[in-house]
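Visitor: Got a structure for you, structure.pdb, holding PDB, C-alpha atoms, pLDDT in the B column.
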```pdb
ATOM      1  CA  MET A   1       0.000   0.000   0.000  1.00 45.00           C
ATOM      2  CA  GLN A   2       2.796   2.443   0.903  1.00 48.00           C
ATOM      3  CA  VAL A   3       4.570   1.754  -2.413  1.00 46.00           C
ATOM      4  CA  GLN A   4       1.395   2.657  -4.349  1.00 53.00           C
ATOM      5  CA  VAL A   5       1.035   5.938  -2.453  1.00 51.00           C
ATOM      6  CA  ARG A   6       4.672   6.839  -3.131  1.00 66.00           C
ATOM      7  CA  GLY A   7       4.243   5.936  -6.812  1.00 65.00           C
ATOM      8  CA  ARG A   8       1.229   8.226  -7.093  1.00 73.00           C
ATOM      9  CA  ALA A   9       3.081  11.076  -5.382  1.00 78.00           C
ATOM     10  CA  VAL A  10       6.050  10.696  -7.704  1.00 81.00           C
ATOM     11  CA  ARG A  11       3.737  10.536 -10.723  1.00 80.00           C
ATOM     12  CA  ARG A  12       1.982  13.732  -9.582  1.00 84.00           C
ATOM     13  CA  TRP A  13       5.324  15.539  -9.261  1.00 88.00           C
ATOM     14  CA  VAL A  14       6.415  14.311 -12.681  1.00 86.00           C
ATOM     15  CA  VAL A  15       3.128  15.435 -14.229  1.00 88.00           C
ATOM     16  CA  LEU A  16       3.394  18.798 -12.463  1.00 89.00           C
ATOM     17  CA  GLY A  17       7.026  19.290 -13.551  1.00 91.00           C
ATOM     18  CA  VAL A  18       6.444  18.308 -17.175  1.00 91.00           C
ATOM     19  CA  SER A  19       3.293  20.461 -17.272  1.00 91.00           C
ATOM     20  CA  ALA A  20       5.187  23.477 -15.883  1.00 93.00           C
ATOM     21  CA  PHE A  21       8.017  22.946 -18.382  1.00 93.00           C
ATOM     22  CA  GLY A  22       5.492  22.683 -21.220  1.00 94.00           C
ATOM     23  CA  ALA A  23       3.576  25.739 -20.058  1.00 94.00           C
ATOM     24  CA  ILE A  24       6.736  27.861 -19.975  1.00 96.00           C
ATOM     25  CA  PHE A  25       7.722  26.784 -23.487  1.00 96.00           C
ATOM     26  CA  LEU A  26       4.191  27.288 -24.785  1.00 95.00           C
ATOM     27  CA  VAL A  27       4.025  30.813 -23.317  1.00 96.00           C
ATOM     28  CA  VAL A  28       7.413  31.698 -24.837  1.00 97.00           C
ATOM     29  CA  GLY A  29       6.222  30.319 -28.200  1.00 96.00           C
ATOM     30  CA  LEU A  30       3.051  32.406 -28.002  1.00 96.00           C
ATOM     31  CA  ILE A  31       5.012  35.551 -27.098  1.00 97.00           C
ATOM     32  CA  LEU A  32       7.354  34.992 -30.051  1.00 96.00           C
ATOM     33  CA  ALA A  33       4.383  34.382 -32.369  1.00 97.00           C
ATOM     34  CA  TRP A  34       2.705  37.565 -31.105  1.00 97.00           C
ATOM     35  CA  SER A  35       5.927  39.458 -31.787  1.00 94.00           C
ATOM     36  CA  SER A  36       5.975  38.163 -35.386  1.00 95.00           C
ATOM     37  CA  VAL A  37       2.314  39.036 -35.931  1.00 96.00           C
ATOM     38  CA  SER A  38       2.906  42.493 -34.452  1.00 94.00           C
ATOM     39  CA  LEU A  39       5.890  43.032 -36.749  1.00 94.00           C
ATOM     40  CA  LEU A  40       3.873  41.949 -39.796  1.00 94.00           C
ATOM     41  CA  ARG A  41       1.042  44.359 -38.900  1.00 95.00           C
ATOM     42  CA  GLU A  42       3.051  47.425 -37.888  1.00 93.00           C
ATOM     43  CA  ALA A  43       6.345  47.278 -39.761  1.00 95.00           C
ATOM     44  CA  ASP A  44       7.372  49.308 -42.744  1.00 95.00           C
ATOM     45  CA  ARG A  45       8.275  47.211 -45.757  1.00 96.00           C
ATOM     46  CA  THR A  46      10.967  47.703 -48.322  1.00 96.00           C
ATOM     47  CA  THR A  47      13.038  45.661 -50.714  1.00 97.00           C
ATOM     48  CA  GLY A  48      16.527  44.701 -49.651  1.00 96.00           C
ATOM     49  CA  ARG A  49      19.339  42.785 -51.289  1.00 97.00           C
ATOM     50  CA  VAL A  50      21.381  39.911 -49.893  1.00 97.00           C
ATOM     51  CA  VAL A  51      24.952  41.213 -50.118  1.00 96.00           C
ATOM     52  CA  ALA A  52      26.732  38.299 -48.434  1.00 95.00           C
ATOM     53  CA  LEU A  53      26.292  34.991 -46.674  1.00 95.00           C
ATOM     54  CA  LYS A  54      28.055  34.694 -43.313  1.00 94.00           C
ATOM     55  CA  TRP A  55      28.838  31.057 -42.562  1.00 93.00           C
ATOM     56  CA  ARG A  56      28.882  30.036 -38.897  1.00 87.00           C
ATOM     57  CA  ASP A  57      29.388  26.732 -37.150  1.00 81.00           C
ATOM     58  CA  SER A  58      26.621  25.959 -34.683  1.00 64.00           C
ATOM     59  CA  HIS A  59      28.644  23.719 -32.323  1.00 58.00           C
ATOM     60  CA  ILE A  60      25.454  22.369 -30.817  1.00 56.00           C
ATOM     61  CA  GLY A  61      27.044  18.972 -30.218  1.00 53.00           C
ATOM     62  CA  VAL A  62      28.884  18.368 -26.970  1.00 55.00           C
ATOM     63  CA  THR A  63      31.362  15.795 -28.209  1.00 55.00           C
ATOM     64  CA  ARG A  64      34.103  16.227 -30.746  1.00 56.00           C
ATOM     65  CA  LYS A  65      32.607  13.517 -32.954  1.00 56.00           C
ATOM     66  CA  THR A  66      29.229  15.275 -32.982  1.00 53.00           C
ATOM     67  CA  ARG A  67      30.839  18.656 -33.751  1.00 53.00           C
ATOM     68  CA  GLU A  68      32.616  17.139 -36.745  1.00 53.00           C
ATOM     69  CA  ARG A  69      29.224  16.185 -38.230  1.00 59.00           C
ATOM     70  CA  ASP A  70      27.749  19.665 -37.646  1.00 71.00           C
ATOM     71  CA  LYS A  71      27.566  21.645 -40.845  1.00 83.00           C
ATOM     72  CA  PRO A  72      27.949  25.428 -40.852  1.00 91.00           C
ATOM     73  CA  SER A  73      24.852  27.522 -41.545  1.00 91.00           C
ATOM     74  CA  ALA A  74      24.602  30.482 -43.917  1.00 92.00           C
ATOM     75  CA  TYR A  75      23.185  33.685 -42.413  1.00 94.00           C
ATOM     76  CA  PRO A  76      22.191  36.239 -45.067  1.00 96.00           C
ATOM     77  CA  VAL A  77      23.535  39.788 -44.732  1.00 97.00           C
ATOM     78  CA  VAL A  78      20.978  42.209 -46.165  1.00 97.00           C
ATOM     79  CA  GLU A  79      21.260  45.849 -47.257  1.00 97.00           C
ATOM     80  CA  PHE A  80      18.159  48.015 -47.425  1.00 97.00           C
ATOM     81  CA  THR A  81      17.176  51.675 -47.426  1.00 96.00           C
ATOM     82  CA  THR A  82      14.482  53.106 -45.144  1.00 95.00           C
ATOM     83  CA  ALA A  83      11.698  55.408 -46.330  1.00 93.00           C
ATOM     84  CA  ASP A  84      13.768  58.441 -45.294  1.00 93.00           C
ATOM     85  CA  GLY A  85      16.695  57.292 -47.474  1.00 94.00           C
ATOM     86  CA  THR A  86      18.996  55.993 -44.723  1.00 95.00           C
ATOM     87  CA  PRO A  87      20.909  52.831 -45.711  1.00 96.00           C
ATOM     88  CA  TYR A  88      21.157  49.935 -43.242  1.00 96.00           C
ATOM     89  CA  THR A  89      22.770  46.519 -43.232  1.00 96.00           C
ATOM     90  CA  PHE A  90      21.816  43.612 -40.962  1.00 96.00           C
ATOM     91  CA  ARG A  91      22.584  39.931 -40.601  1.00 95.00           C
ATOM     92  CA  SER A  92      19.551  37.679 -40.317  1.00 93.00           C
ATOM     93  CA  SER A  93      19.239  35.807 -37.035  1.00 89.00           C
ATOM     94  CA  THR A  94      18.175  32.678 -38.926  1.00 90.00           C
ATOM     95  CA  GLY A  95      20.688  30.612 -40.846  1.00 90.00           C
ATOM     96  CA  SER A  96      20.323  27.410 -42.813  1.00 90.00           C
ATOM     97  CA  ASN A  97      22.265  24.812 -44.745  1.00 89.00           C
ATOM     98  CA  PRO A  98      21.702  24.736 -47.654  1.00 91.00           C
ATOM     99  CA  PRO A  99      21.348  28.518 -47.744  1.00 92.00           C
ATOM    100  CA  ALA A 100      17.783  29.806 -48.036  1.00 92.00           C
ATOM    101  CA  TYR A 101      18.984  32.879 -49.976  1.00 94.00           C
ATOM    102  CA  GLU A 102      21.655  33.617 -52.573  1.00 94.00           C
ATOM    103  CA  GLU A 103      23.947  36.630 -52.829  1.00 95.00           C
ATOM    104  CA  GLY A 104      22.307  39.283 -54.970  1.00 95.00           C
ATOM    105  CA  GLU A 105      18.784  37.991 -54.266  1.00 96.00           C
ATOM    106  CA  ARG A 106      16.126  40.586 -53.544  1.00 97.00           C
ATOM    107  CA  VAL A 107      14.113  40.078 -50.339  1.00 97.00           C
ATOM    108  CA  GLU A 108      11.294  41.896 -48.589  1.00 97.00           C
ATOM    109  CA  VAL A 109      12.534  43.540 -45.389  1.00 97.00           C
ATOM    110  CA  LEU A 110      10.352  44.378 -42.383  1.00 96.00           C
ATOM    111  CA  TYR A 111      11.534  47.146 -40.050  1.00 96.00           C
ATOM    112  CA  ARG A 112      10.068  49.534 -37.514  1.00 94.00           C
ATOM    113  CA  ALA A 113      10.642  53.198 -38.358  1.00 91.00           C
ATOM    114  CA  ASP A 114      11.759  53.878 -34.771  1.00 91.00           C
ATOM    115  CA  ASP A 115      14.267  50.980 -34.756  1.00 91.00           C
ATOM    116  CA  PRO A 116      15.431  50.093 -38.300  1.00 93.00           C
ATOM    117  CA  GLU A 117      18.523  48.269 -36.980  1.00 91.00           C
ATOM    118  CA  ASP A 118      16.190  45.510 -35.768  1.00 91.00           C
ATOM    119  CA  ALA A 119      15.045  44.547 -39.277  1.00 94.00           C
ATOM    120  CA  GLN A 120      14.044  41.074 -40.425  1.00 95.00           C
ATOM    121  CA  ILE A 121      13.568  39.316 -43.715  1.00 96.00           C
ATOM    122  CA  ASN A 122       9.882  38.700 -44.392  1.00 95.00           C
ATOM    123  CA  GLY A 123      10.260  34.933 -44.657  1.00 92.00           C
ATOM    124  CA  PHE A 124       8.855  31.855 -42.982  1.00 92.00           C
ATOM    125  CA  LEU A 125      12.062  30.885 -41.162  1.00 89.00           C
ATOM    126  CA  SER A 126      12.785  34.393 -39.896  1.00 91.00           C
ATOM    127  CA  LEU A 127       9.276  34.944 -38.546  1.00 94.00           C
ATOM    128  CA  TRP A 128       7.976  31.527 -37.501  1.00 95.00           C
ATOM    129  CA  LEU A 129      10.847  29.122 -36.753  1.00 93.00           C
ATOM    130  CA  LEU A 130      11.318  30.019 -33.068  1.00 93.00           C
ATOM    131  CA  PRO A 131       7.580  30.281 -32.263  1.00 96.00           C
ATOM    132  CA  LEU A 132       7.054  26.848 -33.829  1.00 96.00           C
ATOM    133  CA  ILE A 133       9.976  25.270 -31.961  1.00 96.00           C
ATOM    134  CA  PHE A 134       9.009  26.666 -28.554  1.00 96.00           C
ATOM    135  CA  GLY A 135       5.277  26.128 -29.060  1.00 96.00           C
ATOM    136  CA  GLY A 136       5.857  22.611 -30.391  1.00 96.00           C
ATOM    137  CA  ILE A 137       8.011  21.622 -27.418  1.00 96.00           C
ATOM    138  CA  GLY A 138       5.345  23.064 -25.104  1.00 95.00           C
ATOM    139  CA  LEU A 139       2.582  21.068 -26.791  1.00 94.00           C
ATOM    140  CA  ILE A 140       4.635  17.857 -26.735  1.00 95.00           C
ATOM    141  CA  ALA A 141       5.352  18.315 -23.022  1.00 94.00           C
ATOM    142  CA  ALA A 142       1.633  18.906 -22.366  1.00 91.00           C
ATOM    143  CA  ALA A 143       0.770  15.735 -24.295  1.00 92.00           C
ATOM    144  CA  VAL A 144       3.360  13.727 -22.321  1.00 92.00           C
ATOM    145  CA  ALA A 145       2.046  15.058 -18.995  1.00 90.00           C
ATOM    146  CA  THR A 146      -1.519  14.252 -20.032  1.00 88.00           C
ATOM    147  CA  GLY A 147      -0.475  10.756 -21.106  1.00 88.00           C
ATOM    148  CA  ILE A 148       1.270  10.078 -17.789  1.00 85.00           C
ATOM    149  CA  ALA A 149      -1.763  11.330 -15.835  1.00 82.00           C
ATOM    150  CA  VAL A 150      -4.270   9.315 -17.882  1.00 85.00           C
ATOM    151  CA  PHE A 151      -2.133   6.157 -17.806  1.00 79.00           C
ATOM    152  CA  GLY A 152      -1.768   6.468 -14.021  1.00 71.00           C
ATOM    153  CA  ARG A 153      -5.505   6.824 -13.521  1.00 67.00           C
ATOM    154  CA  ARG A 154      -6.340   3.871 -15.780  1.00 67.00           C
ATOM    155  CA  ARG A 155      -3.762   1.722 -14.058  1.00 65.00           C
ATOM    156  CA  ARG A 156      -5.319   2.432 -10.653  1.00 62.00           C
ATOM    157  CA  ALA A 157      -8.823   1.659 -11.892  1.00 55.00           C
TER
END
```
Would you write the structure of this file as structure tokens?
Guide:
Amino acid sequence: MQVQVRGRAVRRWVVLGVSAFGAIFLVVGLILAWSSVSLLREADRTTGRVVALKWRDSHIGVTRKTRERDKPSAYPVVEFTTADGTPYTFRSSTGSNPPAYEEGERVEVLYRADDPEDAQINGFLSLWLLPLIFGGIGLIAAAVATGIAVFGRRRRA
């Protein structure tokens, strides 16, 4: 009897912990999505040009063998001119391999008139990658917590 009670208590803590983890990630994903929607609604738009691709290693792996398999990602460097004629250059925060853009390619740039240095390419990866990753992890954690809770209840019944 005591083992069952301890098992239920542990299961409750696991469900609570996984739920909290999922909730945090889901909230961050929603905040990032709101930020993208806000940028799409309020930003000025202009055409920019990819002037370079900056290649960076991600070094996500923790072992040397894993790092050797990591491929560098290409981050586009974009030049654009604001409505008042001021030129700006920025490096996208989203890189990929193979590169999503080529040097010389024209892209739509989103920027806020009060902060043009914080410009972004109007593209799926730039706007939606992080919200999808954080929101997806949050939803998966919620599904796991729900599964543990339901399985525990069915097992007791």
Visitor: Separation of CA of Pro76 (chain A) and CA of Val51 (chain A), in Å?
Guide: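 Interatomic distance, CA of Pro76 (chain A) to CA of Val51 (chain A): 7.6 Å.
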Visitor: Which residues fall under the PyMOL selection byres ((chain A and resi 33-45) around 8) in this file, as number ranges by chain?
Guide: A: 29-32, 46-47, 108-113, 127-128, 131
Visitor: Neighbours of region 86-98 of chain A within 7 Å (only C-alpha atoms; same-chain residues fewer than 4 positions away dropped), as a CSV table (one decimal) with C-alpha atoms, keeping the file's coordinate frame?
Guide:
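Generated file (result.csv):
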```csv
chain,number,residue,atom,x,y,z
A,72,PRO,CA,27.9,25.4,-40.9
A,73,SER,CA,24.9,27.5,-41.5
A,74,ALA,CA,24.6,30.5,-43.9
A,75,TYR,CA,23.2,33.7,-42.4
A,76,PRO,CA,22.2,36.2,-45.1
A,77,VAL,CA,23.5,39.8,-44.7
A,78,VAL,CA,21.0,42.2,-46.2
A,79,GLU,CA,21.3,45.8,-47.3
A,80,PHE,CA,18.2,48.0,-47.4
A,81,THR,CA,17.2,51.7,-47.4
A,82,THR,CA,14.5,53.1,-45.1
A,117,GLU,CA,18.5,48.3,-37.0
A,120,GLN,CA,14.0,41.1,-40.4
A,125,LEU,CA,12.1,30.9,-41.2
A,126,SER,CA,12.8,34.4,-39.9
```
Visitor: Using all atoms listed in the file, pick whichever of A:Ile140, A:Val150, A:Asp57, A:Asp114 has the shortest atom-to-atom distance to Asp84 (chain A).
Guide: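 Of A:Ile140, A:Val150, A:Asp57, A:Asp114, the one nearest Asp84 (chain A) is A:Asp114, counting all atoms listed in the file.
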Visitor: Using all atoms listed in the file, which of the listed residues (A:Val27, A:Leu53, A:Ile121, A:Val15) sits closest to Ile137 (chain A)?
Guide: A:Val27
Visitor: Given the PyMOL selection byres ((chain A and resi 148) around 12) and the file above, list the residues it selects as a list of chain:residue names.
Guide: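 This file, filtered by the PyMOL selection byres ((chain A and resi 148) around 12), leaves A:Arg8, A:Val10, A:Arg11, A:Arg12, A:Trp13, A:Val14, A:Val15, A:Leu16, A:Gly17, A:Val18, A:Ser19, A:Ala141, A:Ala142, A:Ala143, A:Val144, A:Ala145, A:Thr146, A:Gly147, A:Ala149, A:Val150, A:Phe151, A:Gly152, A:Arg153, A:Arg154, A:Arg155.
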Visitor: Write a file of the selected residues as an mmCIF file, keeping the file's coordinate frame, keeping C-alpha atoms.
Guide:
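Saved file again.cif follows:
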```cif
data_model
loop_
_atom_site.group_PDB
_atom_site.id
_atom_site.type_symbol
_atom_site.label_atom_id
_atom_site.label_comp_id
_atom_site.auth_asym_id
_atom_site.auth_seq_id
_atom_site.Cartn_x
_atom_site.Cartn_y
_atom_site.Cartn_z
ATOM 1 C CA ARG A 8 1.229 8.226 -7.093
ATOM 2 C CA VAL A 10 6.050 10.696 -7.704
ATOM 3 C CA ARG A 11 3.737 10.536 -10.723
ATOM 4 C CA ARG A 12 1.982 13.732 -9.582
ATOM 5 C CA TRP A 13 5.324 15.539 -9.261
ATOM 6 C CA VAL A 14 6.415 14.311 -12.681
ATOM 7 C CA VAL A 15 3.128 15.435 -14.229
ATOM 8 C CA LEU A 16 3.394 18.798 -12.463
ATOM 9 C CA GLY A 17 7.026 19.290 -13.551
ATOM 10 C CA VAL A 18 6.444 18.308 -17.175
ATOM 11 C CA SER A 19 3.293 20.461 -17.272
ATOM 12 C CA ALA A 141 5.352 18.315 -23.022
ATOM 13 C CA ALA A 142 1.633 18.906 -22.366
ATOM 14 C CA ALA A 143 0.770 15.735 -24.295
ATOM 15 C CA VAL A 144 3.360 13.727 -22.321
ATOM 16 C CA ALA A 145 2.046 15.058 -18.995
ATOM 17 C CA THR A 146 -1.519 14.252 -20.032
ATOM 18 C CA GLY A 147 -0.475 10.756 -21.106
ATOM 19 C CA ALA A 149 -1.763 11.330 -15.835
ATOM 20 C CA VAL A 150 -4.270 9.315 -17.882
ATOM 21 C CA PHE A 151 -2.133 6.157 -17.806
ATOM 22 C CA GLY A 152 -1.768 6.468 -14.021
ATOM 23 C CA ARG A 153 -5.505 6.824 -13.521
ATOM 24 C CA ARG A 154 -6.340 3.871 -15.780
ATOM 25 C CA ARG A 155 -3.762 1.722 -14.058
#
```
Visitor: When you draw a straight line from CA of Gly138 (chain A) to CA of Asp70 (chain A), how long is it in Å?
Guide: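 Interatomic distance, CA of Gly138 (chain A) to CA of Asp70 (chain A): 25.9 Å.
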Visitor: Which is closer to Val28 (chain A) than all the others in A:Pro116, A:Trp55, A:Gly136, A:Arg49, using all atoms listed in the file?
Guide: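 Distance minimum relative to Val28 (chain A) lands on A:Gly136.
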Visitor: Suppose you want the space between CA of Leu26 (chain A) and CA of Gly135 (chain A); what is it in Å?
Guide: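 Computing it gives 4.6 Å between the two atoms.
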Visitor: Run the PyMOL selection byres ((chain A and resi 104) around 8) mentally over the shown coordinates, then write out the matched residues as a VMD selection string, using the chain letters and numbers from the document.
Guide: chain A and resid 49 to 52 102 to 103 105 to 106
Visitor: Starting from the sparse input, extend region 95-106 of chain A to all heavy atoms and give the output as a short mmCIF file (atom, residue, chain, number, x, y, z; two decimals), keeping the file's coordinate frame.
Guide:
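This went into part.cif:
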```cif
data_model
loop_
_atom_site.label_atom_id
_atom_site.label_comp_id
_atom_site.auth_asym_id
_atom_site.auth_seq_id
_atom_site.Cartn_x
_atom_site.Cartn_y
_atom_site.Cartn_z
N GLY A 95 19.83 31.17 -39.82
CA GLY A 95 20.69 30.61 -40.85
C GLY A 95 20.22 29.23 -41.23
O GLY A 95 19.44 28.60 -40.52
N SER A 96 20.71 28.75 -42.36
CA SER A 96 20.32 27.41 -42.81
C SER A 96 21.42 26.82 -43.69
O SER A 96 22.28 27.52 -44.20
CB SER A 96 19.01 27.48 -43.59
OG SER A 96 19.15 28.27 -44.75
N ASN A 97 21.36 25.52 -43.85
CA ASN A 97 22.26 24.81 -44.74
C ASN A 97 21.46 23.69 -45.38
O ASN A 97 21.04 22.79 -44.68
CB ASN A 97 23.47 24.25 -44.00
CG ASN A 97 24.53 23.74 -44.95
OD1 ASN A 97 24.31 23.65 -46.15
ND2 ASN A 97 25.68 23.41 -44.39
N PRO A 98 21.18 23.79 -46.68
CA PRO A 98 21.70 24.74 -47.65
C PRO A 98 21.12 26.13 -47.43
O PRO A 98 20.06 26.27 -46.82
CB PRO A 98 21.24 24.15 -48.99
CG PRO A 98 20.05 23.33 -48.67
CD PRO A 98 20.26 22.81 -47.28
N PRO A 99 21.80 27.14 -47.95
CA PRO A 99 21.35 28.52 -47.74
C PRO A 99 19.95 28.75 -48.32
O PRO A 99 19.63 28.26 -49.40
CB PRO A 99 22.37 29.36 -48.51
CG PRO A 99 23.56 28.49 -48.66
CD PRO A 99 23.06 27.08 -48.71
N ALA A 100 19.13 29.48 -47.58
CA ALA A 100 17.78 29.81 -48.04
C ALA A 100 17.80 30.95 -49.06
O ALA A 100 16.84 31.12 -49.80
CB ALA A 100 16.91 30.19 -46.85
N TYR A 101 18.88 31.73 -49.08
CA TYR A 101 18.98 32.88 -49.98
C TYR A 101 20.33 32.84 -50.67
O TYR A 101 21.29 32.25 -50.19
CB TYR A 101 18.85 34.19 -49.20
CG TYR A 101 17.55 34.29 -48.44
CD1 TYR A 101 17.49 33.96 -47.09
CD2 TYR A 101 16.38 34.70 -49.07
CE1 TYR A 101 16.30 34.04 -46.38
CE2 TYR A 101 15.18 34.77 -48.38
CZ TYR A 101 15.15 34.44 -47.04
OH TYR A 101 13.96 34.51 -46.35
N GLU A 102 20.40 33.51 -51.82
CA GLU A 102 21.66 33.62 -52.57
C GLU A 102 22.12 35.07 -52.58
O GLU A 102 21.30 35.98 -52.50
CB GLU A 102 21.44 33.17 -54.03
CG GLU A 102 21.07 31.73 -54.18
CD GLU A 102 20.82 31.36 -55.64
OE1 GLU A 102 21.01 32.22 -56.54
OE2 GLU A 102 20.43 30.21 -55.87
N GLU A 103 23.42 35.26 -52.71
CA GLU A 103 23.95 36.63 -52.83
C GLU A 103 23.32 37.29 -54.05
O GLU A 103 23.19 36.67 -55.10
CB GLU A 103 25.47 36.61 -52.95
CG GLU A 103 26.17 36.33 -51.65
CD GLU A 103 27.67 36.49 -51.74
OE1 GLU A 103 28.13 37.49 -52.34
OE2 GLU A 103 28.38 35.62 -51.22
N GLY A 104 22.93 38.54 -53.88
CA GLY A 104 22.31 39.28 -54.97
C GLY A 104 20.79 39.15 -55.00
O GLY A 104 20.11 39.92 -55.68
N GLU A 105 20.24 38.20 -54.26
CA GLU A 105 18.78 37.99 -54.27
C GLU A 105 18.07 39.15 -53.58
O GLU A 105 18.53 39.68 -52.57
CB GLU A 105 18.47 36.68 -53.54
CG GLU A 105 17.02 36.29 -53.57
CD GLU A 105 16.77 34.92 -52.96
OE1 GLU A 105 17.73 34.15 -52.73
OE2 GLU A 105 15.59 34.64 -52.68
N ARG A 106 16.95 39.54 -54.14
CA ARG A 106 16.13 40.59 -53.54
C ARG A 106 15.15 39.94 -52.56
O ARG A 106 14.58 38.89 -52.85
CB ARG A 106 15.36 41.35 -54.61
CG ARG A 106 16.29 42.05 -55.58
CD ARG A 106 15.71 43.39 -56.01
NE ARG A 106 16.62 44.13 -56.84
CZ ARG A 106 17.57 44.94 -56.40
NH1 ARG A 106 17.74 45.10 -55.13
NH2 ARG A 106 18.35 45.59 -57.23
#
```
